[in-house]
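A.B. asks: First the structure, which I've put down as structure tokens, then a few questions once you've had a look.
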Amino acid sequence: MEISDTPSTSLTAVAMSGGLDSSVTAWLLAREGRPVVGLSMLLWDHSGVEAHGRCCGALDLGDARRVAQQAGIPHYTLRLDEEFREKVVDPFVADYLAGRTPSPCVRCNTWIKFDLLLDRARRLGASRVATGHYARILEGPDGPELHTALDAGKDQSYYLFELTREQLAASLFPLGGMTKPQVRQLAREAGLVVAEKGESMEVCFVAGGIREFVESQVAADPDRFNAPAGAEPAILVDTHGEALGEGQPYYRYTVGQRRGLGLAAPSPLYVLQIEPEQNRVVVGGDQDLMAPGLRGERLHWIGPAPEGDVEAKVKIRSRHPGVAARIRPLGEGRVEIDFAEPQRGVTPGQAAVFYQGTRVLGGCWIEGRL
Amino acid sequence: MHPVYFDNNATTPLHPRVREAMLPWMGERYGNPSSLHGFGQAARNAVEEAREKVAALLGVRPPELVFTASGTEANNAVLFHRARGGQGHLVISAFEHPSIREAAARLEREGVEVTRVSPAGDGVVPAAEVVRALRPDTLLVALMLANNELGTLQPVVEVAAACRERGVPVLCDAVQAVGKIPVDAPALGVDYLVLGAHKFYGPLGAAALWVHKGVELTGHLVGGSQERRRRAGTENVPAIVGLGEAAAVAREELTARGAHLVALRDRFEAELARRLPDAIFHCQAAPRLPNTSHVAFPGAEGESLLIRLDLAGFAVSTGSACSSGAVEPSKTLLAIGLSPEEALSSLRISFGLFNTQEEVDAFLDALEREVGALRRVSPVAVVQP
């Protein structure tokens, strides 16, 4: 398989989680004969929890070390758990407490896998970081561009929208042009110990339910989140503000959620909006869930910011097929986006990512609907 | 150049003579030492010969030695034997090996009180502090002979003498000292002493616990009459034979070995101080092992420096590594009063019998180069001592 970069004599660091994809990445680069060092990140102490299949589990780090031996490369584990808590876990909990549904994998990619790991790799004398992401870095007229993976079913470009061109220039995604079955086949041919491993979980640091995790984090340190450990049941209201009944604490709900509302109604009801200050959860029918657009913050362009409005396809969650839209930057990182068709489930806390063809232009974080 | 190993306090390579002694017991010679037939008798003989060699190194009687699989096992056995029943009091130094610290912590959770005596800034536990911690209900004092990270020697003789007056038994973890310096167990005045083969050119998987005559030790493993019922389980004959041979070699070579190690270390420290004048040598003034240097490089983070050196072909250590290999600030360095930043910028270099002057010279070049490169890539605030 081709890697879109000429092998060089400078050192490349491979981020190794102990999973299939990053293991094959390390093995491919080592096979090319370039100088490679494997780096694993100890991100979260599962304190005794069996954590196989989770990208931050200590058991998987043992697998990473074994794969590195099989590939014949040195491997080191960097302890980054404090940074992970600060940059990923605490904001994740804070988002739930603010009534949002966070996307921790984007934050982890932005803050940990690229900002922090690239910095650590440079300290070790490496000039580039390779990861097992399914995405491609293609050279464009104005520098490196981020593109979707050739295997659309595995594409992970959504999670990478906050990278910069400088980071892309120092990154390698050797799996971007491959399919998962090809990757697994390579692992089998190479006899890698992880060849038959399954997919890692989406939120790797949560061992049980997300809501229980949020509650346990707050209970462990209420001051950190400036929140009481036990929350009152939220009031469920309709779109006119009419109370329909009592529910669970507000942070247990997600916009678009239908199940578990415990309300009797002639047609299905959905969570439309979460209002932590009023301790209210607004519910309504299917039609009320449709939004003509969204308000976003922390707008990020991978290349230079374009002048004026931009037409692009926008994905409002990782598995969203995307919708044609007009992106209207408002300045200071704020943005409004008009969809060509109303979309269901515009969820505060999720990322909206902009595509032109296969190219990722950038994205923003969803504040609310228009 | 071939990779250079300067982590001899973690484990040592096998001595060729040890390997020669072990090989027959991994090939044509075999037998269970408890068996009655000729195979068993030969194996028994090999184990007892090894016991005599270890006894000769320590100046003790062979029946007082119990073979175990590791120093950890031996340390655990003594603590759990002395402090059963969830009451009483233990005194340990704050920088004992984890096999003592964590055994004490477990006993503490079961109700035993534990006093942890901190080392002073020179890396030596003040004997008077240990004595001051003794109580009428003190069950055991644990004090290591040489610290694994700093190499500093501890006042075991003084502490043991004071304990003897009060009838308190003393456990001395001598794993880092045996084979590097002369260790006369009876002269130390302790009741239990632990050594491990792989720290002095013997194999992994064999260690010994010396129990002073008349001192109690209940078997922590039961199910056989091996080791005079103090450690059940079929003896690891090849490893024990290796331990015996390592002890015999150490006894012959100890003086020459010490001189060689001191020469390597002193050259390293003098030359390093000349080339990197801001390097800080920990505990240099204290009595210490001949082979261990502990150095801080202000402004150079130790984890990255260790990795750079490893990539350049030099194996050193930053302190105790956890199973996944991530680096934490060394508890020992924190115990002697260093800040976490200082602790994290330190390396342990432990020389061994097979290291050469040429290796030390090449290492000095690599250190100067990598410390400089690291400081350029990642400038951090320089911590003044």
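Labeling convention for the structure tokens: chains A, B, ... as they appear, residues from 1 per chain, ligands from 1 in order of appearance.
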Enumerate the residues of stretch 28-275 of chain B with a DSSP assignment of strand (DSSP E), computed from the backbone, and present them as an NGL selection string.
C.D. replies: :B and (65-68 or 89-93 or 113-117 or 138-142 or 170-173 or 192-196 or 207-211)
A.B. asks: Do a neighbour search on A:Val36 at 9 Å with only C-alpha atoms, toss out local chain neighbours closer than 2 positions, and write the hits as a ChimeraX atom specification.
C.D. replies: /A:10-14,26,29-30,33-34,38,73-74,126
A.B. asks: Take the residues that were just selected and, keeping C-alpha atoms, output them as a compact mmCIF listing (two decimals), in the first residue's frame.
C.D. replies:
# COMPACT_ATOMS: atom_id res chain seq x y z
CA SER A 10 14.16 11.38 9.98
CA LEU A 11 12.40 9.69 12.86
CA THR A 12 8.64 9.08 12.71
CA ALA A 13 6.63 8.51 15.88
CA VAL A 14 3.64 6.17 15.59
CA ALA A 26 3.35 0.89 12.92
CA LEU A 29 6.02 2.10 8.44
CA ALA A 30 8.57 -0.25 9.98
CA GLY A 33 12.51 0.62 6.57
CA ARG A 34 12.09 4.13 7.88
CA GLY A 38 6.12 3.59 18.80
CA ILE A 73 10.68 -0.99 16.62
CA PRO A 74 11.30 0.65 20.00
CA ALA A 126 10.90 12.79 15.76
A.B. asks: Within 9 Å of chain B, which residues of chain A are there when counting only C-alpha atoms? Please give them as a PDB file with N, CA and C atoms, in the first residue's frame.
C.D. replies:
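Produced file selection_35.pdb, reproduced below:
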ATOM      1  N   VAL A  37       9.515   5.066  15.865  1.00  0.00           N
ATOM      2  CA  VAL A  37       9.403   4.804  17.295  1.00  0.00           C
ATOM      3  C   VAL A  37       7.916   4.749  17.643  1.00  0.00           C
ATOM      4  N   MET A  41       0.078   6.188  24.847  1.00  0.00           N
ATOM      5  CA  MET A  41      -0.278   7.200  25.844  1.00  0.00           C
ATOM      6  C   MET A  41      -1.102   6.535  26.934  1.00  0.00           C
ATOM      7  N   LEU A  42      -0.628   6.664  28.167  1.00  0.00           N
ATOM      8  CA  LEU A  42      -1.424   6.198  29.294  1.00  0.00           C
ATOM      9  C   LEU A  42      -2.338   7.361  29.663  1.00  0.00           C
ATOM     10  N   ALA A  58      -4.809   0.005  30.033  1.00  0.00           N
ATOM     11  CA  ALA A  58      -3.425  -0.425  30.238  1.00  0.00           C
ATOM     12  C   ALA A  58      -3.155  -1.779  29.590  1.00  0.00           C
ATOM     13  N   LEU A  59      -4.182  -2.638  29.546  1.00  0.00           N
ATOM     14  CA  LEU A  59      -3.995  -3.934  28.898  1.00  0.00           C
ATOM     15  C   LEU A  59      -3.611  -3.757  27.440  1.00  0.00           C
ATOM     16  N   LEU A  61      -2.064  -1.311  26.169  1.00  0.00           N
ATOM     17  CA  LEU A  61      -0.704  -0.802  26.045  1.00  0.00           C
ATOM     18  C   LEU A  61       0.288  -1.961  26.032  1.00  0.00           C
ATOM     19  N   GLY A  62      -0.058  -3.025  26.760  1.00  0.00           N
ATOM     20  CA  GLY A  62       0.767  -4.227  26.700  1.00  0.00           C
ATOM     21  C   GLY A  62       0.758  -4.820  25.296  1.00  0.00           C
ATOM     22  N   ARG A  65       3.028  -2.840  23.059  1.00  0.00           N
ATOM     23  CA  ARG A  65       4.442  -3.187  23.252  1.00  0.00           C
ATOM     24  C   ARG A  65       4.782  -4.480  22.507  1.00  0.00           C
ATOM     25  N   PRO A  74      11.381   0.304  18.582  1.00  0.00           N
ATOM     26  CA  PRO A  74      11.299   0.652  20.005  1.00  0.00           C
ATOM     27  C   PRO A  74       9.918   1.218  20.343  1.00  0.00           C
ATOM     28  N   TYR A  76       7.573   3.178  23.626  1.00  0.00           N
ATOM     29  CA  TYR A  76       7.563   3.811  24.941  1.00  0.00           C
ATOM     30  C   TYR A  76       6.141   4.216  25.292  1.00  0.00           C
ATOM     31  N   THR A  77       5.854   4.209  26.580  1.00  0.00           N
ATOM     32  CA  THR A  77       4.545   4.647  27.048  1.00  0.00           C
ATOM     33  C   THR A  77       4.708   5.990  27.744  1.00  0.00           C
ATOM     34  N   LEU A  78       3.945   6.959  27.292  1.00  0.00           N
ATOM     35  CA  LEU A  78       3.993   8.279  27.904  1.00  0.00           C
ATOM     36  C   LEU A  78       2.774   8.434  28.793  1.00  0.00           C
ATOM     37  N   ARG A  79       3.025   8.932  29.983  1.00  0.00           N
ATOM     38  CA  ARG A  79       1.929   9.105  30.907  1.00  0.00           C
ATOM     39  C   ARG A  79       1.326  10.488  30.683  1.00  0.00           C
ATOM     40  N   ASP A 119       4.105  17.321  20.141  1.00  0.00           N
ATOM     41  CA  ASP A 119       5.098  18.011  20.956  1.00  0.00           C
ATOM     42  C   ASP A 119       6.044  17.010  21.625  1.00  0.00           C
ATOM     43  N   ARG A 120       5.480  15.944  22.207  1.00  0.00           N
ATOM     44  CA  ARG A 120       6.313  14.929  22.858  1.00  0.00           C
ATOM     45  C   ARG A 120       7.213  14.233  21.840  1.00  0.00           C
ATOM     46  N   ALA A 121       6.659  13.964  20.658  1.00  0.00           N
ATOM     47  CA  ALA A 121       7.450  13.285  19.628  1.00  0.00           C
ATOM     48  C   ALA A 121       8.641  14.150  19.229  1.00  0.00           C
ATOM     49  N   ARG A 122       8.416  15.458  19.147  1.00  0.00           N
ATOM     50  CA  ARG A 122       9.523  16.349  18.771  1.00  0.00           C
ATOM     51  C   ARG A 122      10.596  16.358  19.837  1.00  0.00           C
ATOM     52  N   ARG A 123      10.170  16.270  21.098  1.00  0.00           N
ATOM     53  CA  ARG A 123      11.160  16.202  22.173  1.00  0.00           C
ATOM     54  C   ARG A 123      12.068  14.982  22.010  1.00  0.00           C
ATOM     55  N   LEU A 124      11.516  13.930  21.425  1.00  0.00           N
ATOM     56  CA  LEU A 124      12.306  12.707  21.260  1.00  0.00           C
ATOM     57  C   LEU A 124      13.111  12.732  19.971  1.00  0.00           C
ATOM     58  N   GLY A 125      12.994  13.834  19.234  1.00  0.00           N
ATOM     59  CA  GLY A 125      13.766  13.938  18.005  1.00  0.00           C
ATOM     60  C   GLY A 125      13.007  13.488  16.776  1.00  0.00           C
TER      61      GLY A 125
END
A.B. asks: Determine which residues of stretch 115-239 of chain A DSSP labels as alpha helix (DSSP H) from the backbone of this structure, then write them out as a ChimeraX atom specification.
C.D. replies: /A:117-123,165-169,180-190,210-220,222-225
A.B. asks: Which residue gives the smallest distance to B:Ala208 among B:Val178, B:Ala250, B:Ala187, B:Ala133, with only C-alpha atoms counted?
C.D. replies: B:Val178
A.B. asks: Identify, on the basis of only C-alpha atoms, every residue whose closest approach to stretch 47-53 of chain B does not exceed 12 Å; exclude the query and any residue fewer than 2 positions from it along the same chain; express the result as a ChimeraX atom specification.
C.D. replies: /B:18,21-22,25,30-34,40-45,55-68,197,202,206-210,226-227,234-252
A.B. asks: Would you kindly return, as a short mmCIF file (atom, residue, chain, number, x, y, z; two decimals) with N, CA and C atoms, in the first residue's frame, each protein, DNA or RNA residue with an atom no farther than 10 Å from any atom of B:Gln357, considering only C-alpha atoms and excluding same-chain residues fewer than 5 positions away?
C.D. replies:
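Full text of result-v3.cif as output:
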data_model
loop_
_atom_site.label_atom_id
_atom_site.label_comp_id
_atom_site.auth_asym_id
_atom_site.auth_seq_id
_atom_site.Cartn_x
_atom_site.Cartn_y
_atom_site.Cartn_z
N HIS B 260 36.70 -1.98 39.88
CA HIS B 260 36.30 -1.72 38.50
C HIS B 260 35.10 -0.77 38.45
N ALA B 263 35.91 2.77 39.48
CA ALA B 263 36.67 3.46 38.44
C ALA B 263 35.74 3.98 37.35
N LEU B 264 34.80 3.13 36.92
CA LEU B 264 33.84 3.55 35.88
C LEU B 264 33.00 4.72 36.37
N ARG B 265 32.47 4.58 37.58
CA ARG B 265 31.56 5.60 38.09
C ARG B 265 32.28 6.93 38.31
N ARG B 267 35.00 8.06 36.95
CA ARG B 267 35.35 8.68 35.68
C ARG B 267 34.11 9.34 35.07
N PHE B 268 33.00 8.61 35.10
CA PHE B 268 31.76 9.14 34.56
C PHE B 268 31.36 10.44 35.26
N ALA B 362 31.67 6.76 25.37
CA ALA B 362 30.65 6.93 24.32
C ALA B 362 29.36 7.47 24.93
N PHE B 363 29.06 7.01 26.13
CA PHE B 363 27.84 7.45 26.81
C PHE B 363 27.93 8.94 27.14
#
A.B. asks: So what do you get for atom CA of A:Leu118 versus atom CA of A:Phe225, distance-wise?
C.D. replies: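 Answer for the atom CA of A:Leu118 to atom CA of A:Phe225 separation: 29.3 Å.
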